[in-house]
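Participant: This one is query.pdb, PDB, C-alpha atoms.
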```
MODEL        1
ATOM      1  CA  MET A 260     -22.831-103.676  -8.745  1.00  0.00           C
ATOM      2  CA  ARG A 261     -22.671-102.354 -12.324  1.00  0.00           C
ATOM      3  CA  LEU A 262     -26.146-100.892 -12.023  1.00  0.00           C
ATOM      4  CA  LEU A 263     -25.174 -99.094  -8.823  1.00  0.00           C
ATOM      5  CA  MET A 264     -22.040 -97.639 -10.434  1.00  0.00           C
ATOM      6  CA  LEU A 265     -23.967 -96.567 -13.542  1.00  0.00           C
ATOM      7  CA  SER A 266     -26.676 -94.939 -11.414  1.00  0.00           C
ATOM      8  CA  THR A 267     -24.092 -93.065  -9.362  1.00  0.00           C
ATOM      9  CA  LEU A 268     -22.301 -91.831 -12.476  1.00  0.00           C
ATOM     10  CA  LEU A 269     -25.568 -90.743 -14.071  1.00  0.00           C
ATOM     11  CA  LEU A 270     -26.672 -88.820 -10.977  1.00  0.00           C
ATOM     12  CA  ALA A 271     -23.266 -87.161 -10.673  1.00  0.00           C
ATOM     13  CA  THR A 272     -23.298 -85.942 -14.275  1.00  0.00           C
ATOM     14  CA  THR A 273     -26.852 -84.611 -14.078  1.00  0.00           C
ATOM     15  CA  ALA A 274     -25.981 -82.534 -11.023  1.00  0.00           C
ATOM     16  CA  CYS A 275     -23.224 -80.712 -12.922  1.00  0.00           C
ATOM     17  CA  THR A 276     -23.705 -77.552 -14.891  1.00  0.00           C
ATOM     18  CA  TRP A 277     -22.478 -78.254 -18.388  1.00  0.00           C
ATOM     19  CA  VAL A 278     -22.685 -74.660 -19.600  1.00  0.00           C
ATOM     20  CA  PRO A 279     -20.301 -72.141 -18.014  1.00  0.00           C
ATOM     21  CA  ILE A 280     -21.042 -68.421 -18.232  1.00  0.00           C
ATOM     22  CA  GLU A 281     -18.511 -66.612 -20.431  1.00  0.00           C
ATOM     23  CA  PRO A 282     -17.069 -63.228 -19.421  1.00  0.00           C
ATOM     24  CA  ALA A 283     -19.129 -61.376 -22.070  1.00  0.00           C
ATOM     25  CA  GLY A 284     -22.264 -63.246 -20.971  1.00  0.00           C
ATOM     26  CA  LYS A 285     -21.883 -61.970 -17.404  1.00  0.00           C
ATOM     27  CA  THR A 286     -22.743 -58.456 -18.584  1.00  0.00           C
ATOM     28  CA  VAL A 287     -26.010 -59.544 -20.261  1.00  0.00           C
ATOM     29  CA  ARG A 288     -29.224 -58.902 -18.346  1.00  0.00           C
ATOM     30  CA  VAL A 289     -32.125 -61.334 -18.298  1.00  0.00           C
ATOM     31  CA  LEU A 290     -35.393 -59.436 -18.621  1.00  0.00           C
ATOM     32  CA  ALA A 291     -38.502 -60.726 -16.883  1.00  0.00           C
ATOM     33  CA  ALA A 292     -41.423 -61.856 -19.012  1.00  0.00           C
ATOM     34  CA  GLY A 293     -43.757 -59.088 -20.084  1.00  0.00           C
ATOM     35  CA  ALA A 294     -43.190 -55.680 -21.571  1.00  0.00           C
ATOM     36  CA  VAL A 295     -39.696 -54.722 -22.685  1.00  0.00           C
ATOM     37  CA  PRO A 296     -38.269 -51.760 -20.755  1.00  0.00           C
ATOM     38  CA  ALA A 297     -38.420 -48.383 -22.488  1.00  0.00           C
ATOM     39  CA  GLY A 298     -35.466 -47.527 -24.675  1.00  0.00           C
ATOM     40  CA  CYS A 299     -34.563 -51.123 -25.544  1.00  0.00           C
ATOM     41  CA  GLN A 300     -33.968 -51.849 -29.228  1.00  0.00           C
ATOM     42  CA  SER A 301     -34.678 -55.294 -30.699  1.00  0.00           C
ATOM     43  CA  LYS A 302     -31.610 -57.108 -32.022  1.00  0.00           C
ATOM     44  CA  GLY A 303     -33.338 -60.271 -33.186  1.00  0.00           C
ATOM     45  CA  GLU A 304     -33.841 -63.724 -31.771  1.00  0.00           C
ATOM     46  CA  ILE A 305     -31.525 -66.258 -30.170  1.00  0.00           C
ATOM     47  CA  VAL A 306     -32.373 -69.966 -30.192  1.00  0.00           C
ATOM     48  CA  VAL A 307     -30.400 -72.201 -27.836  1.00  0.00           C
ATOM     49  CA  THR A 308     -30.417 -75.945 -27.180  1.00  0.00           C
ATOM     50  CA  VAL A 309     -29.022 -78.257 -24.490  1.00  0.00           C
ATOM     51  CA  LYS A 310     -29.398 -81.942 -23.705  1.00  0.00           C
ATOM     52  CA  ASN A 311     -32.573 -82.465 -21.722  1.00  0.00           C
ATOM     53  CA  LYS A 312     -32.099 -86.255 -21.560  1.00  0.00           C
ATOM     54  CA  VAL A 313     -29.122 -88.439 -20.793  1.00  0.00           C
ATOM     55  CA  GLY A 314     -29.966 -91.880 -22.116  1.00  0.00           C
ATOM     56  CA  PHE A 315     -33.331 -92.750 -20.625  1.00  0.00           C
ATOM     57  CA  TYR A 316     -33.001 -90.204 -17.812  1.00  0.00           C
ATOM     58  CA  ASN A 317     -34.755 -86.811 -18.045  1.00  0.00           C
ATOM     59  CA  ARG A 318     -32.545 -84.071 -16.626  1.00  0.00           C
ATOM     60  CA  ASN A 319     -33.837 -81.689 -13.983  1.00  0.00           C
ATOM     61  CA  PRO A 320     -36.031 -79.136 -15.852  1.00  0.00           C
ATOM     62  CA  LEU A 321     -34.781 -76.274 -13.672  1.00  0.00           C
ATOM     63  CA  ARG A 322     -31.145 -77.124 -14.462  1.00  0.00           C
ATOM     64  CA  VAL A 323     -31.983 -77.320 -18.188  1.00  0.00           C
ATOM     65  CA  GLN A 324     -33.708 -73.930 -18.018  1.00  0.00           C
ATOM     66  CA  GLU A 325     -30.716 -72.383 -16.217  1.00  0.00           C
ATOM     67  CA  GLU A 326     -28.348 -73.715 -18.882  1.00  0.00           C
ATOM     68  CA  LEU A 327     -30.558 -72.420 -21.696  1.00  0.00           C
ATOM     69  CA  GLU A 328     -30.537 -68.974 -20.089  1.00  0.00           C
ATOM     70  CA  THR A 329     -26.747 -69.110 -19.704  1.00  0.00           C
ATOM     71  CA  LEU A 330     -26.340 -70.055 -23.372  1.00  0.00           C
ATOM     72  CA  ALA A 331     -28.612 -67.176 -24.409  1.00  0.00           C
ATOM     73  CA  ARG A 332     -26.550 -64.766 -22.299  1.00  0.00           C
ATOM     74  CA  ASN A 333     -23.349 -66.096 -23.881  1.00  0.00           C
ATOM     75  CA  GLU A 334     -24.778 -65.631 -27.404  1.00  0.00           C
ATOM     76  CA  ALA A 335     -26.248 -62.143 -26.867  1.00  0.00           C
ATOM     77  CA  PRO A 336     -23.029 -60.149 -27.421  1.00  0.00           C
ATOM     78  CA  SER A 337     -22.625 -61.703 -30.879  1.00  0.00           C
ATOM     79  CA  ALA A 338     -26.038 -60.212 -31.731  1.00  0.00           C
ATOM     80  CA  SER A 339     -24.961 -56.787 -30.363  1.00  0.00           C
ATOM     81  CA  ALA A 340     -27.380 -57.294 -27.481  1.00  0.00           C
ATOM     82  CA  ASN A 341     -26.950 -56.661 -23.771  1.00  0.00           C
ATOM     83  CA  ALA A 342     -30.258 -58.163 -22.627  1.00  0.00           C
ATOM     84  CA  VAL A 343     -32.338 -61.253 -23.372  1.00  0.00           C
ATOM     85  CA  GLN A 344     -35.940 -62.178 -22.655  1.00  0.00           C
ATOM     86  CA  ALA A 345     -37.480 -65.628 -22.998  1.00  0.00           C
ATOM     87  CA  SER A 346     -39.977 -65.658 -25.870  1.00  0.00           C
ATOM     88  CA  ALA A 347     -41.411 -69.048 -24.918  1.00  0.00           C
ATOM     89  CA  PRO A 348     -40.890 -71.684 -22.235  1.00  0.00           C
ATOM     90  CA  PRO A 349     -38.278 -74.402 -22.816  1.00  0.00           C
ATOM     91  CA  ALA A 350     -39.400 -77.352 -24.938  1.00  0.00           C
ATOM     92  CA  ASP A 351     -37.375 -80.514 -25.531  1.00  0.00           C
ATOM     93  CA  GLY A 352     -34.135 -78.834 -24.464  1.00  0.00           C
ATOM     94  CA  SER A 353     -34.597 -75.804 -26.722  1.00  0.00           C
ATOM     95  CA  GLN A 354     -35.728 -72.239 -26.047  1.00  0.00           C
ATOM     96  CA  ARG A 355     -36.157 -68.974 -27.966  1.00  0.00           C
ATOM     97  CA  PHE A 356     -35.035 -65.637 -26.551  1.00  0.00           C
ATOM     98  CA  ALA A 357     -35.530 -62.116 -27.851  1.00  0.00           C
ATOM     99  CA  ALA A 358     -32.283 -60.128 -27.873  1.00  0.00           C
ATOM    100  CA  PHE A 359     -32.224 -56.404 -27.027  1.00  0.00           C
ATOM    101  CA  GLN A 360     -29.795 -53.521 -26.734  1.00  0.00           C
ATOM    102  CA  CYS A 361     -30.944 -51.592 -23.661  1.00  0.00           C
ATOM    103  CA  PRO A 362     -29.628 -48.413 -22.086  1.00  0.00           C
ATOM    104  CA  PRO A 363     -27.464 -48.922 -18.988  1.00  0.00           C
ATOM    105  CA  ARG A 364     -29.378 -49.246 -15.750  1.00  0.00           C
TER     106      ARG A 364
ENDMDL
END
```
Have the structure of the file written as structure tokens, please.

Facilitator:
Amino acid sequence: MRLLMLSTLLLATTACTWVPIEPAGKTVRVLAAGAVPAGCQSKGEIVVTVKNKVGFYNRNPLRVQEELETLARNEAPSASANAVQASAPPADGSQRFAAFQCPPR
């Protein structure tokens, strides 16, 4: 019975998004991999980290990637950036993003 309850709790917590998007983060664009659009100015790099494991359980990689992107969007305004672009794929719950100030679309 305990194992069943623990399994249910673990599955419920891994389905949740732990990282909410902040109001300032909603205005930040996520640029596709590749060339940076013309007129964008580099504002540095953002490194973000989330839990990719809960105990012995590996969290869903897609959920982890979504949360990393959300964290990068939330951090971008503090770097005077309005766009982010992944510099590398996620690794062990961490990911690097390039931050840019781009002209409005």

Participant: Find the spatial neighbours of stretch 308-310 of chain A, counting only C-alpha atoms, within a cut-off of 9 Å - ignore same-chain residues fewer than 3 positions away - and output them as a PyMOL selection string.

Facilitator: chain A and resi 277-278+313+318+323+326-327+330+351-354

Participant: When distances are computed from all atoms listed in the file, which of A:Ala340, A:Pro279, A:Ala335, A:Ala294 shows the smallest separation from A:Gln360?

Facilitator: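 For A:Gln360, the nearest of the candidates is A:Ala340.
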
Participant: What does the PyMOL selection byres ((chain A and resi 358) around 12) select in this file, as a PyMOL selection string?

Facilitator: chain A and resi 287-290+295+299-306+328+331-346+355-357+359-361

Participant: With C-alpha atoms retained, could you export that selection as a short mmCIF file (atom, residue, chain, number, x, y, z; two decimals), in the coordinates of the input?

Facilitator:
```cif
data_model
loop_
_atom_site.label_atom_id
_atom_site.label_comp_id
_atom_site.auth_asym_id
_atom_site.auth_seq_id
_atom_site.Cartn_x
_atom_site.Cartn_y
_atom_site.Cartn_z
CA VAL A 287 -26.01 -59.54 -20.26
CA ARG A 288 -29.22 -58.90 -18.35
CA VAL A 289 -32.12 -61.33 -18.30
CA LEU A 290 -35.39 -59.44 -18.62
CA VAL A 295 -39.70 -54.72 -22.68
CA CYS A 299 -34.56 -51.12 -25.54
CA GLN A 300 -33.97 -51.85 -29.23
CA SER A 301 -34.68 -55.29 -30.70
CA LYS A 302 -31.61 -57.11 -32.02
CA GLY A 303 -33.34 -60.27 -33.19
CA GLU A 304 -33.84 -63.72 -31.77
CA ILE A 305 -31.52 -66.26 -30.17
CA VAL A 306 -32.37 -69.97 -30.19
CA GLU A 328 -30.54 -68.97 -20.09
CA ALA A 331 -28.61 -67.18 -24.41
CA ARG A 332 -26.55 -64.77 -22.30
CA ASN A 333 -23.35 -66.10 -23.88
CA GLU A 334 -24.78 -65.63 -27.40
CA ALA A 335 -26.25 -62.14 -26.87
CA PRO A 336 -23.03 -60.15 -27.42
CA SER A 337 -22.62 -61.70 -30.88
CA ALA A 338 -26.04 -60.21 -31.73
CA SER A 339 -24.96 -56.79 -30.36
CA ALA A 340 -27.38 -57.29 -27.48
CA ASN A 341 -26.95 -56.66 -23.77
CA ALA A 342 -30.26 -58.16 -22.63
CA VAL A 343 -32.34 -61.25 -23.37
CA GLN A 344 -35.94 -62.18 -22.66
CA ALA A 345 -37.48 -65.63 -23.00
CA SER A 346 -39.98 -65.66 -25.87
CA ARG A 355 -36.16 -68.97 -27.97
CA PHE A 356 -35.03 -65.64 -26.55
CA ALA A 357 -35.53 -62.12 -27.85
CA PHE A 359 -32.22 -56.40 -27.03
CA GLN A 360 -29.80 -53.52 -26.73
CA CYS A 361 -30.94 -51.59 -23.66
#
```

Participant: Enter the distance from atom CA of A:Val307 to atom CA of A:Pro363, in Å, rounded to one decimal.

Facilitator: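 Between atom CA of A:Val307 and atom CA of A:Pro363 the gap works out to 25.1 Å.
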
Participant: Just how far from atom CA of A:Ala292 is atom CA of A:Ala347, in Å to one decimal?

Facilitator: 9.3 Å

Participant: To one decimal in Å, tell me the separation between atom CA of A:Gly293 and atom CA of A:Gln324.

Facilitator: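 Atom-to-atom, atom CA of A:Gly293 to atom CA of A:Gln324, that is 18.0 Å.
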
Participant: Output as lines of an AutoDock Vina configuration file the centre and edge lengths (Å, one decimal) of the box along x, y and z of the file that holds every listed atom of stretch 296-303 of chain A after adding 5 Å on each side.

Facilitator:
```
center_x = -35.0
center_y = -53.9
center_z = -27.0
size_x = 16.8
size_y = 22.7
size_z = 22.4
```
